[in-house]
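S.K.: Here you go, one structure.
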Amino acid sequence: MRKTQKPEFFHSFHSFSRQFLACACGAGLALSLAGCGSSVPQPSAQAGQGQETTSLTVSQMQRIETQIHSVLDAADRTKDVAALSDRLSGPELEIRTSQLRVVQGTNKPDPRMILPTRVRERVLTQTSGWPRNDLVITSTTSDQQSERLLVLNQASARTNYKLWGLVRLFSGVTMPSFAVSGAGTKEGTSNDSGLVSTPRQAVQDYAMALNNIQLLSADKVASSSLPAHDKEQISQVAGDQFRSELADLDASVSKGVAENEGKEHQQFTPDLESLKIFRSAKGGDLVVARINSVWTRTAGNGRLSQPASDAEKTLFGKGKATSTMRVHYVNVVALYDPPASKGAKIRALGAERQAVSVEAVK
Amino acid sequence: MALATSQDAAGWVSGLHYTRVTGLSSWSRLSTKPQTATSVADTGGDSTFQDSDLWRRVQCGNVVEMQTKAAASSPLVLIIDTNPQAGSASSGLPVRLSLTWERTHITDAALPLWLSAGLLLLASLLCFFIFSLSARRRRKARERVESEVREDPSLAHEREQRNIAGSDAPRWADDNLRSRRRRESRHRHATHRSLFAALRDNVRTSHAQAKKKSAQKKDASASPVITEVRRANMVARLQETQTIAPISAPIRREGVGEKIDNGEGRPPSYTPPSSEEIKDYLRRLAAERLGTSPSPQEEKGSSQRPDASQNADQAKQDTRQKKEDK
């Protein structure tokens with residue numbers, strides 16, 4: 001007969017438990033020894049150093065955009081310009097303030113003030129110090145206006161990002177591409193080389209072209225009485241929508257002034273200390289520059305020089321007109337300074353222009 | 001408390017005195033070091049600690065808990081402003097900071113211990129399989145063989161052989177043995193069946209023969225005979241079990257009412273039984289079914305019957321002789 005099952009089962013159970021106990025003891029001992037044996041971890045001084053990352057994450061940028069929109073919306077509602085400085089700075093603060101005043105005076109909405117919330121592209125930069133700048137390109141507006149290029153600037157560590165510049169891109173313009181990887185885009189300097197001209201020089205060239213607004217074509221430039229250096233500067237710049245519109249405006253105004261035996265002159269002066277430069281993926285620089293301009297119009301034959309537009313009228317208010325009127329404009333232009341090659345020209349991508357003050361000169 | 005890149009944190013504390021957590025002095029204590037940011041103080045900003053755009057994450061309150069998942073090479077640092085409302089120039093309040101983290105990298109010192117732990121684990125698993133499972137299987141096999149040997153002593157010899165071969169004999173030897181045993185077991189069953197049939201056929205043998213047969217049966221059950229199938233001689237086996245008398249000797253058998261007299265050595269011819277004999281057979285069959293064996297008297301009577309017929313024959317012969325004598 002076979003043995004009974006019970007003793008065998010108990011035997012195997014005992015054997016199993018013995019083995020299991022041995023396993024558990026071994027593992028436990030090893031674990032405890034491992035815990036005791038390891039030394040206190042020390043942080044390495046190089047941890048996180050040299051790792052290239054954008055100053056802002058996308059979520060941080062979204063948060064900043066939301067803040068800017070809320071400030072703009074509040075100002076649009078209340079027409080209170082005081083709160084704008086919380087999230088606006090530089091030329092955009094002046095332009096927006098002026099626009100709000102004009103809207104308040106004329107009681108007509110300004111379509112140029114619309115800022116779409118949808119974003120087409122965020123160009124996040126990799127800057128360790130301050131000031132820092134980032135780019136945001138919005139989508140088109142609901143009424144099919146062109147995209148806005150926003151320049152966000154943080155002046156110092158304890159200052160928040162502010163909307164420094166807003167440029168309405170020209171319709172159908174081709175934007176340079178920017179690095180979209182984690183390292184982000186690098187900010188350029190005003191002396192970047194290897195380009196058609198340095199960013200600083202490019203802005204000066206464009207300002208020269210604006211100062212000679214009627215010299216739109218190469219033939220006109222060549223046949224003009226300008227010095228060779230100025231001609232060369234103007235010929236570096238390709239024609240664009242902004243210059244064409246300005247040339248048309250200048251032509252009509254100068255015609256009217258000439259009929260009254262008066263004269264007019266518009267002087268563009270770039271602010272070379274506040275250039276915002278972003279290096280594109282293909283080597284060119286995107287330069288956003290503030291160019292101040294003063295438009296002086298003098299009426300002849302003892303006439304009074306009047307404001308030329310609704311905006312100027314509102315800004316002038318109830319001031320007493322004289323024979324000479326001086327209007328200060330803030331222009332913001334976005335230029336693309338491509339890598340140096342035969343036939344490459346500085347190209348304007350977008351511009352914004354707003355009269356900020358009007359004065360009658362005695 | 002905020003999470004920021006080291007550059008951003010450095011920018012925030014620029015020109016200020018601050019305390020830097022440099023690491024661990026022990027497993028339960030942080031090591032700290034008071035420092036002063038070398039860069040120029042930037043106190044002209046308009047943003048508060050909570051509203052600063054610098055921070056990846058920020059949480060403010062008296063008790064703040066922050067969980068973060070960061071790689072070892074993460075550029076992020078934790079910055080704690082202990083007194084954000086009082087301005088940057090005033091000294092901060094004391095802060096109680098506790099850090100907990102999951103260790104994903106084992107230190108070099110512990111590596112040999114981990115390795116040995118792994119080896120130990122492997123060894124113990126190996127022991128577990130060898131001494132637990134294998135031993136049980138072996139024991140089972142041994143017990144089965146023993147029980148079969150006990151049932152069948154003829155296997156004892158094989159067992160001895162196996163013992164001679166040793167317990168560590170190759171597996172094929174064991175398989176061979178097992179298959180052989182299986183064949184034999186089938187054979188044994190067949191033997192049992194033939195024995196049973198033989199017993200059933202010989203119900204009608206004499207009491208003495210029945211007794212002998214029961215004795216044989218007992219012997220058979222005690223020790224079944226192992227016979228090779230190819231060498232089986234059914235006739236010989238039947239002879240062994242039924243004790244068939246030699247043909248030359250006169251056989252007298254009580255069959256179904258038939259009287260067999262084979263005195264001349266010829267095979268007996270079949271004669272249909274008479275109605276009396278059938279009745280007698282049925283009576284005896286009924287008695288068998290009821291389990292009552294025929295009484296010794298009946299047996300005696302039945303055994304005397306041939307004697308009586310012999311006497312009758314003798315008497316007939318005597319009368320015939322007397323007539324001839326007359």
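The chains in the structure tokens are called A, B, ... from first to last as shown; in each chain the residues are counted from 1, and the ligands are counted from 1 in the order shown.
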Would you list which chain B residues are within 6 Å of chain A using only C-alpha atoms, as number ranges by chain?

M.R.: B: 11-12, 23, 45-47, 53, 73-75, 107, 109-110, 113, 117, 121, 124, 128, 132, 147

S.K.: Could you pull out the alpha helix (DSSP H) residues of segment 251-362 of chain A, going by DSSP on the backbone, and write them as an MDAnalysis selection string?

M.R.: chainID A and resid 251:259 310:316

S.K.: With only C-alpha atoms as the counted atoms, please give the residues lying no more than 8 Å from Ala209 of chain A, apart from itself and same-chain residues fewer than 3 positions off, as a list in words.

M.R.: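 Listed by chain and then number, they are Asp205, Tyr206, Asn212, Ile213, Leu215, Gln233, Ile234 and Val237 of chain A.
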
S.K.: Take the residues just selected and output them with C-alpha atoms as a PDB file, in the first residue's frame.

M.R.:
ATOM      1  CA  ASP A 205      19.477 101.614 -43.899  1.00  0.00           C
ATOM      2  CA  TYR A 206      15.758 101.193 -43.547  1.00  0.00           C
ATOM      3  CA  ASN A 212      13.760 109.301 -48.785  1.00  0.00           C
ATOM      4  CA  ILE A 213      10.359 107.836 -49.139  1.00  0.00           C
ATOM      5  CA  LEU A 215      12.863 106.887 -53.901  1.00  0.00           C
ATOM      6  CA  GLN A 233      22.042 102.354 -48.006  1.00  0.00           C
ATOM      7  CA  ILE A 234      18.694 102.747 -49.722  1.00  0.00           C
ATOM      8  CA  VAL A 237      16.408  97.692 -48.757  1.00  0.00           C
TER       9      VAL A 237
END

S.K.: Return as a tab-separated table the residues of segment 55-103 of chain A lying at most 12 Å from segment 302-310 of chain A, together with the closest atom-to-atom pair for each and the distance in Å to one decimal, counting only C-alpha atoms, with rows in chain order and ascending residue number.

M.R.:
residue	atom	partner	partner_atom	distance
A:Gln99	CA	A:Asp310	CA	11.3
A:Arg101	CA	A:Asp310	CA	11.5
A:Val102	CA	A:Asp310	CA	7.9
A:Val103	CA	A:Asp310	CA	9.9

S.K.: For those residues, write N, CA and C atoms to a file as a CSV table (one decimal), in the first residue's frame.

M.R.:
chain,number,residue,atom,x,y,z
A,99,GLN,N,-3.6,105.1,-29.1
A,99,GLN,CA,-4.7,104.5,-29.7
A,99,GLN,C,-6.0,104.6,-28.8
A,101,ARG,N,-6.5,106.8,-26.5
A,101,ARG,CA,-7.0,108.2,-26.5
A,101,ARG,C,-7.8,108.6,-27.7
A,102,VAL,N,-7.3,108.1,-28.8
A,102,VAL,CA,-8.0,108.4,-30.1
A,102,VAL,C,-9.3,107.7,-30.1
A,103,VAL,N,-9.4,106.5,-29.7
A,103,VAL,CA,-10.7,105.8,-29.6
A,103,VAL,C,-11.6,106.5,-28.7

S.K.: For Phe170 of chain A, which of A:Ala75, A:Leu124, A:Val196, A:Leu149 is the closest residue, counting only C-alpha atoms?

M.R.: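 Using only C-alpha atoms, the shortest distance to Phe170 of chain A belongs to A:Leu149.
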
S.K.: Write out as a list in words each polymer residue whose atoms come within 12 Å of Ile114 of chain A, counting only C-alpha atoms; drop sequence neighbours fewer than 4 positions from it.

M.R.: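 Those residues are His69, Leu72, Asp73, Asp76, Arg96, Gln99, Leu100, Pro109, Asp110, Arg118, Thr138, Ser139, Thr140, Thr141, Ser142, Asp143, Gln144, Gln145, Ser146, Glu147, Arg148, Leu166, Val167 and Arg168 of chain A.
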
S.K.: For the atom pair atom CA of Ile291 of chain A and atom CA of Asn331 of chain A, what is the interatomic distance in Å to one decimal place?

M.R.: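 Taking atom CA of Ile291 of chain A as the start and atom CA of Asn331 of chain A as the end point, the length is 5.0 Å.
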
S.K.: Which polymer residues have any atom within 10 Å of an atom of Thr174 of chain A, counting only C-alpha atoms, with same-chain residues fewer than 5 positions away left out, as a PyMOL selection string?

M.R.: chain A and resi 169+336+349

S.K.: Print the selection's residues with C-alpha atoms to a file, as a short mmCIF file (atom, residue, chain, number, x, y, z; two decimals), in the first residue's frame.

M.R.:
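Result saved to selection_23.cif:
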data_model
loop_
_atom_site.label_atom_id
_atom_site.label_comp_id
_atom_site.auth_asym_id
_atom_site.auth_seq_id
_atom_site.Cartn_x
_atom_site.Cartn_y
_atom_site.Cartn_z
CA LEU A 169 2.71 91.64 -40.58
CA TYR A 336 14.61 90.45 -41.95
CA LEU A 349 8.05 91.90 -42.67
#

S.K.: In terms of the shortest atom-to-atom distance over only C-alpha atoms, which of A:Gln214, A:Gly194, A:Asp337, A:Gly188 is closest to Arg243 of chain A?

M.R.: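 Nearest to Arg243 of chain A: A:Gln214.
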
S.K.: What lies within 12 Å of Val294 of chain A using only C-alpha atoms, ignoring chain neighbours under 6 positions off, as a ChimeraX atom specification?

M.R.: /A:210-211,264-270,325-331,353-359
